[in-house]
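Scroll down for the structure; my scribbles are underneath it.
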Amino acid sequence: MAVSRRIKDNLERSSWIRRMFEEGLKLKKEFGADNVFDFSLGNPDVEPPEAFAQTLARLAADRTPGTHGYMPNAGYPAVRAAVARKASRDQGLEIPADNILMTVGAAGGLNVALATILDPGDEVIVFSPYFAEYFFYAQNHGGKFVVVPTKAGFSPDPEALARALSPRTACVIVNSPNNPTGRIYSEAELYAVAEALMAHGRKTGRYPYLIADEPYREIVYGGARVPSAMLAYPETIVATSWSKTLSLPGERIGYLAVSPRCEDAKALVDGMAMCTRILGFVNAPALMQRVVAELLDARCEVESYERRGRLLAEGLKAAGYEFPEPAGAFYLFAKVPERAACGDRPQGEVRDGAATREPDVEFVMHLKKYNILAVPGVGFGAPGWFRLSFCVAESTIRGAIPRFTRAIEEWKTER
Ligand code: PLP
């Protein structure tokens, strides 16, 4: 047996995005790339800012001996100090350099954080819908994945959270701006989550960590600002990256910031440095650490995402789709439209032969008939919804709107 049962199961579980990707390749081959409207992939499509290329070229030319050697597992001290200044500004409190750990993207950081805090069987709470990879990250480190529903508008539900918290809860992950909903959690929403955690801590003596996954912090629209999780709750760890801010997902550079208000901040950072090493990362990419430390105020052209998000939202709204307006990130999460009663056709039947009863899967298959690719909400723990990523050309959005319009009309009347 070449692949473990766990990985086989995981391949099956994560098959939606992969399946849509494969469908996309097939459609593009058949109809030509210009006639396929692929909203399935959240791959940043704006170029990094000009300053990135210049800084990279200058630093790559550095011939100082040792430049390409090992370093402390937590990262270059000077880089951690520079990043601490930025993290302090973002979070609104003074974060010492010692509380920063450079990571291999936000994904690497989340894995390091979970490896550091989880004992086998400890619980990791997420709110639905959630970034699908969280399940695997928790599983990687022996964590039990616990999903808590959100209220209307995808607002975290503090009462549902309070019910889900247990003596085994190690952490709650919040992601704002959110993938897949595009929601930014307000200060009041973060404080309500914090209050549930504080009450649980007072009762049980165990204060779960709040892990704020913030790679989209700077991809926000209409001048929005992402409130500070560290001000809301003392036991907070921020995981983030430059994957979206500078449009560098392939370069794998990010950081973890441990709140100075964490009771065991030093032990936590020491543990994280150890986990960076033993998970095999050893340290975050050296050259990229030095590059981002010089580009702390730079960002990609966020306005381009905003423009395209608005274009898509206007077109879909006019067509009759329902969704919360994206406030950040580059996703729109829409409700599967209601349809007229289906007569004797079983609800959920899919016409391409892949029998299923999930309405979001059925609707995504329906969109495929118009050469539109989307991801069903079931992949994010939210059946009944579907995700569109607007990392696509404006012409793709413009070309897709009449198709979305026809798709909803025919969906509603089709028998
Ligand atoms: N968290 C969320 C919510 C994401 O959407 C992503 C990537 O899409 C990540 C984490 C991982 O980011 P990175 O590429 O920096 O590892």
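We label chains A, B, ... in the order they appear in the structure tokens, count residues from 1 in each chain, and number ligands from 1 in the order shown.
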Requested in this report: Please identify the residues whose atoms come within 10 Å of ligand 1, using only C-alpha atoms and all ligand atoms, and report them as a PyMOL selection string.
Outcome: chain A and resi 41-44+103-111+130-134+173-180+212-216+239-245+247-255+329-331
**Report entry** Spatial neighbours of stretch 296-311 of chain A, max dist 9 Å, only C-alpha atoms, sep filter under 6 positions, as an NGL selection string
**Finding:** :A and (46-49 or 51-52 or 82-83 or 86 or 218-222 or 242 or 244-247 or 325-332 or 389-394 or 397-398)
Generate the output file for the selected residues, N, CA, C and O atoms, as a short mmCIF file (atom, residue, chain, number, x, y, z; two decimals), in the first residue's frame.
data_model
loop_
_atom_site.label_atom_id
_atom_site.label_comp_id
_atom_site.auth_asym_id
_atom_site.auth_seq_id
_atom_site.Cartn_x
_atom_site.Cartn_y
_atom_site.Cartn_z
N VAL A 46 -2.60 39.47 -8.85
CA VAL A 46 -1.93 40.74 -9.14
C VAL A 46 -0.43 40.53 -8.91
O VAL A 46 -0.02 39.65 -8.15
N GLU A 47 0.37 41.31 -9.59
CA GLU A 47 1.82 41.15 -9.47
C GLU A 47 2.31 41.79 -8.16
O GLU A 47 1.69 42.74 -7.66
N PRO A 48 3.41 41.30 -7.60
CA PRO A 48 3.98 41.97 -6.44
C PRO A 48 4.35 43.41 -6.80
O PRO A 48 4.59 43.70 -7.98
N PRO A 49 4.39 44.31 -5.82
CA PRO A 49 4.75 45.70 -6.14
C PRO A 49 6.17 45.78 -6.72
O PRO A 49 7.01 44.93 -6.43
N ALA A 51 8.60 47.57 -5.90
CA ALA A 51 9.63 47.61 -4.85
C ALA A 51 10.11 46.20 -4.49
O ALA A 51 11.25 46.02 -4.06
N PHE A 52 9.27 45.21 -4.69
CA PHE A 52 9.66 43.84 -4.36
C PHE A 52 10.80 43.39 -5.28
O PHE A 52 11.83 42.89 -4.82
N ALA A 82 12.14 44.08 13.15
CA ALA A 82 11.40 44.92 12.20
C ALA A 82 9.94 44.47 12.11
O ALA A 82 9.01 45.28 12.13
N VAL A 83 9.74 43.15 12.03
CA VAL A 83 8.37 42.62 11.91
C VAL A 83 7.58 42.94 13.19
O VAL A 83 6.38 43.22 13.13
N LYS A 86 5.90 46.23 12.93
CA LYS A 86 4.69 46.19 12.09
C LYS A 86 3.53 45.49 12.83
O LYS A 86 2.39 45.99 12.84
N GLU A 218 -4.61 42.91 5.02
CA GLU A 218 -4.46 44.15 4.22
C GLU A 218 -5.27 44.13 2.92
O GLU A 218 -5.24 45.09 2.17
N ILE A 219 -5.98 43.03 2.68
CA ILE A 219 -6.85 42.98 1.49
C ILE A 219 -8.26 43.35 1.97
O ILE A 219 -9.10 42.47 2.24
N VAL A 220 -8.48 44.65 2.15
CA VAL A 220 -9.76 45.13 2.69
C VAL A 220 -10.28 46.25 1.80
O VAL A 220 -9.50 46.94 1.14
N TYR A 221 -11.61 46.43 1.83
CA TYR A 221 -12.25 47.34 0.89
C TYR A 221 -12.93 48.50 1.60
O TYR A 221 -13.34 48.39 2.75
N GLY A 222 -13.03 49.62 0.86
CA GLY A 222 -13.73 50.79 1.38
C GLY A 222 -13.08 51.36 2.64
O GLY A 222 -13.76 51.87 3.51
N TRP A 242 2.86 37.15 3.90
CA TRP A 242 2.89 38.15 2.83
C TRP A 242 2.34 37.55 1.52
O TRP A 242 2.48 38.14 0.46
N LYS A 244 -0.64 37.29 0.39
CA LYS A 244 -1.66 38.11 -0.27
C LYS A 244 -1.24 39.58 -0.26
O LYS A 244 -1.40 40.28 -1.26
N THR A 245 -0.68 40.05 0.85
CA THR A 245 -0.30 41.46 0.97
C THR A 245 0.64 41.87 -0.15
O THR A 245 0.47 42.92 -0.77
N LEU A 246 1.66 41.04 -0.39
CA LEU A 246 2.63 41.37 -1.44
C LEU A 246 2.45 40.45 -2.66
O LEU A 246 3.26 40.49 -3.58
N SER A 247 1.42 39.62 -2.62
CA SER A 247 1.16 38.69 -3.72
C SER A 247 2.35 37.74 -3.94
O SER A 247 2.85 37.60 -5.05
N GLU A 325 -21.97 41.15 1.27
CA GLU A 325 -21.01 41.93 0.46
C GLU A 325 -19.59 41.62 0.93
O GLU A 325 -19.30 41.72 2.13
N PRO A 326 -18.67 41.24 0.04
CA PRO A 326 -17.29 40.99 0.51
C PRO A 326 -16.66 42.29 1.05
O PRO A 326 -16.68 43.30 0.37
N ALA A 327 -16.16 42.22 2.27
CA ALA A 327 -15.52 43.39 2.89
C ALA A 327 -14.00 43.29 2.77
O ALA A 327 -13.29 44.27 2.97
N GLY A 328 -13.51 42.09 2.49
CA GLY A 328 -12.08 41.88 2.36
C GLY A 328 -11.83 40.51 1.76
O GLY A 328 -12.76 39.80 1.40
N ALA A 329 -10.55 40.12 1.67
CA ALA A 329 -10.12 38.90 0.97
C ALA A 329 -10.59 38.99 -0.49
O ALA A 329 -10.93 40.09 -0.95
N PHE A 330 -10.62 37.89 -1.21
CA PHE A 330 -11.10 38.02 -2.61
C PHE A 330 -12.07 36.91 -2.95
O PHE A 330 -11.94 36.24 -3.97
N TYR A 331 -13.05 36.75 -2.04
CA TYR A 331 -14.05 35.71 -2.23
C TYR A 331 -15.43 36.28 -2.04
O TYR A 331 -15.63 37.21 -1.25
N LEU A 332 -16.37 35.68 -2.76
CA LEU A 332 -17.77 36.01 -2.57
C LEU A 332 -18.47 34.67 -2.29
O LEU A 332 -18.29 33.70 -3.02
N SER A 389 -14.15 32.87 -6.29
CA SER A 389 -12.95 33.66 -6.05
C SER A 389 -12.85 34.68 -7.19
O SER A 389 -12.99 34.31 -8.36
N PHE A 390 -12.65 35.97 -6.83
CA PHE A 390 -12.56 36.94 -7.93
C PHE A 390 -11.13 37.33 -8.28
O PHE A 390 -10.86 38.45 -8.70
N CYS A 391 -10.21 36.36 -8.14
CA CYS A 391 -8.85 36.52 -8.69
C CYS A 391 -8.91 36.16 -10.17
O CYS A 391 -8.24 35.21 -10.62
N VAL A 392 -9.74 36.84 -10.91
CA VAL A 392 -9.87 36.56 -12.36
C VAL A 392 -9.92 37.90 -13.09
O VAL A 392 -10.21 38.93 -12.48
N ALA A 393 -9.68 37.86 -14.39
CA ALA A 393 -9.68 39.11 -15.18
C ALA A 393 -11.07 39.75 -15.15
O ALA A 393 -12.08 39.04 -15.08
N GLU A 394 -11.10 41.09 -15.26
CA GLU A 394 -12.39 41.79 -15.33
C GLU A 394 -13.22 41.26 -16.50
O GLU A 394 -14.44 41.13 -16.41
N ILE A 397 -15.16 38.31 -15.54
CA ILE A 397 -16.35 38.64 -14.74
C ILE A 397 -17.44 39.16 -15.67
O ILE A 397 -18.59 38.71 -15.62
N ARG A 398 -17.06 40.10 -16.55
CA ARG A 398 -18.06 40.67 -17.48
C ARG A 398 -18.68 39.58 -18.36
O ARG A 398 -19.88 39.56 -18.59
#
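With only C-alpha atoms as the basis for measurement, A:Gly381 is the residue among A:Glu358, A:Asn99, A:Leu373, A:Gly381 that approaches A:Phe135 most closely.
Of note, atom CA of A:Thr55 and atom CA of A:Ser88 are spaced 23.5 Å apart.
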Query raised in the report: Of the candidates A:Val292, A:Ala113, A:Ala257, A:Ile211, which one gets nearest to A:Ile100 if we count only C-alpha atoms?
Result: A:Ala257
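Going from atom CA of A:Met198 to atom CA of A:Lys144 covers 21.3 Å.
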Query raised in the report: Looking at only C-alpha atoms, which of A:Val258, A:Leu165, A:Val126, A:Ala267 is the one that sits closest to A:Pro96?
Result: A:Val258
Requested in this report: Select from stretch 41-162 of chain A everything DSSP, run on the backbone, classes as alpha helix (DSSP H), then give the selection as number ranges by chain.
Outcome: A: 50-60, 77-91, 105-117, 133-140, 158-162
Requested in this report: Based on DSSP run over this structure's backbone, return all residues of stretch 215-332 of chain A in strand (DSSP E or B), as a PyMOL selection string.
Outcome: chain A and resi 220+236-241+254-258+328+331-332
Using N, CA and C atoms, can you export the residues from the last selection as a PDB file, in the first residue's frame?
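out.pdb, written as the output of this step:
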ATOM      1  N   VAL A 220      -8.479  44.645   2.148  1.00  0.00           N
ATOM      2  CA  VAL A 220      -9.759  45.130   2.687  1.00  0.00           C
ATOM      3  C   VAL A 220     -10.280  46.249   1.797  1.00  0.00           C
ATOM      4  N   THR A 236      -3.620  35.302  22.815  1.00  0.00           N
ATOM      5  CA  THR A 236      -3.806  35.327  21.358  1.00  0.00           C
ATOM      6  C   THR A 236      -2.494  35.101  20.606  1.00  0.00           C
ATOM      7  N   ILE A 237      -2.608  34.320  19.545  1.00  0.00           N
ATOM      8  CA  ILE A 237      -1.485  34.104  18.622  1.00  0.00           C
ATOM      9  C   ILE A 237      -1.969  34.557  17.240  1.00  0.00           C
ATOM     10  N   VAL A 238      -1.220  35.428  16.597  1.00  0.00           N
ATOM     11  CA  VAL A 238      -1.578  35.844  15.235  1.00  0.00           C
ATOM     12  C   VAL A 238      -0.725  35.047  14.250  1.00  0.00           C
ATOM     13  N   ALA A 239      -1.385  34.489  13.232  1.00  0.00           N
ATOM     14  CA  ALA A 239      -0.672  33.801  12.145  1.00  0.00           C
ATOM     15  C   ALA A 239      -0.955  34.585  10.874  1.00  0.00           C
ATOM     16  N   THR A 240       0.097  34.933  10.156  1.00  0.00           N
ATOM     17  CA  THR A 240      -0.142  35.696   8.933  1.00  0.00           C
ATOM     18  C   THR A 240       1.008  35.507   7.944  1.00  0.00           C
ATOM     19  N   SER A 241       0.912  36.181   6.813  1.00  0.00           N
ATOM     20  CA  SER A 241       1.941  35.998   5.787  1.00  0.00           C
ATOM     21  C   SER A 241       1.918  37.177   4.828  1.00  0.00           C
ATOM     22  N   GLY A 254       5.976  34.168   6.068  1.00  0.00           N
ATOM     23  CA  GLY A 254       4.959  34.687   6.982  1.00  0.00           C
ATOM     24  C   GLY A 254       5.529  34.761   8.397  1.00  0.00           C
ATOM     25  N   TYR A 255       4.678  34.988   9.373  1.00  0.00           N
ATOM     26  CA  TYR A 255       5.156  34.990  10.765  1.00  0.00           C
ATOM     27  C   TYR A 255       4.041  34.670  11.742  1.00  0.00           C
ATOM     28  N   LEU A 256       4.465  34.246  12.929  1.00  0.00           N
ATOM     29  CA  LEU A 256       3.568  34.109  14.071  1.00  0.00           C
ATOM     30  C   LEU A 256       3.934  35.221  15.043  1.00  0.00           C
ATOM     31  N   ALA A 257       2.925  35.840  15.656  1.00  0.00           N
ATOM     32  CA  ALA A 257       3.167  36.826  16.715  1.00  0.00           C
ATOM     33  C   ALA A 257       2.408  36.356  17.948  1.00  0.00           C
ATOM     34  N   VAL A 258       3.134  36.236  19.045  1.00  0.00           N
ATOM     35  CA  VAL A 258       2.512  35.815  20.307  1.00  0.00           C
ATOM     36  C   VAL A 258       2.247  37.066  21.127  1.00  0.00           C
ATOM     37  N   GLY A 328     -13.511  42.092   2.488  1.00  0.00           N
ATOM     38  CA  GLY A 328     -12.077  41.879   2.364  1.00  0.00           C
ATOM     39  C   GLY A 328     -11.825  40.507   1.762  1.00  0.00           C
ATOM     40  N   TYR A 331     -13.047  36.749  -2.040  1.00  0.00           N
ATOM     41  CA  TYR A 331     -14.045  35.707  -2.234  1.00  0.00           C
ATOM     42  C   TYR A 331     -15.435  36.284  -2.042  1.00  0.00           C
ATOM     43  N   LEU A 332     -16.365  35.677  -2.759  1.00  0.00           N
ATOM     44  CA  LEU A 332     -17.771  36.007  -2.572  1.00  0.00           C
ATOM     45  C   LEU A 332     -18.469  34.673  -2.288  1.00  0.00           C
TER      46      LEU A 332
END
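In this structure, atom CA of A:Ala313 sits 12.4 Å away from atom CA of A:Arg387.
Close contacts of A:Ala334, defined as residues with an atom at most 6 Å away when counting only C-alpha atoms, with chain neighbours fewer than 4 positions off set aside, comprise A:Glu322, A:Phe323, A:Trp385, A:Phe386.
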For the residues selected in the previous step, produce a file with C-alpha atoms as a CSV table (one decimal), in the first residue's frame.
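The resulting selection_37.csv:
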chain,number,residue,atom,x,y,z
A,322,GLU,CA,-27.9,36.6,-2.3
A,323,PHE,CA,-24.7,37.0,-0.4
A,385,TRP,CA,-23.7,28.0,-0.4
A,386,PHE,CA,-21.0,28.3,-3.0
Report task. Choose the residue, out of A:Gly75, A:Val146, A:Pro324, A:Ala60, that has the smallest atom-to-atom separation from A:Arg183; count only C-alpha atoms. Result -> A:Pro324
Query - Polymer residues at most 12 Å from A:Asn140, only C-alpha atoms, same-chain spacing of 2 or more positions, as a PyMOL selection string - result: chain A and resi 6-7+10+108+110-116+118-121+124+133-138+142-145+279
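Closest to A:Gln54 among A:Asp270, A:Asp38, A:Glu294, A:Asp360 is A:Glu294, based on only C-alpha atoms.
Using only C-alpha atoms, the shortest contact distance between A:Pro77 and any of A:Ala407, A:Asp98, A:Met1, A:Gln139 is found at A:Asp98.
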Report task. For stretch 22-31 of chain A, please output as a PyMOL selection string all residues within 10 Å (counting only C-alpha atoms; exclusion window: fewer than 2 positions along the same chain). Result -> chain A and resi 16-20+33-40+368+371-374
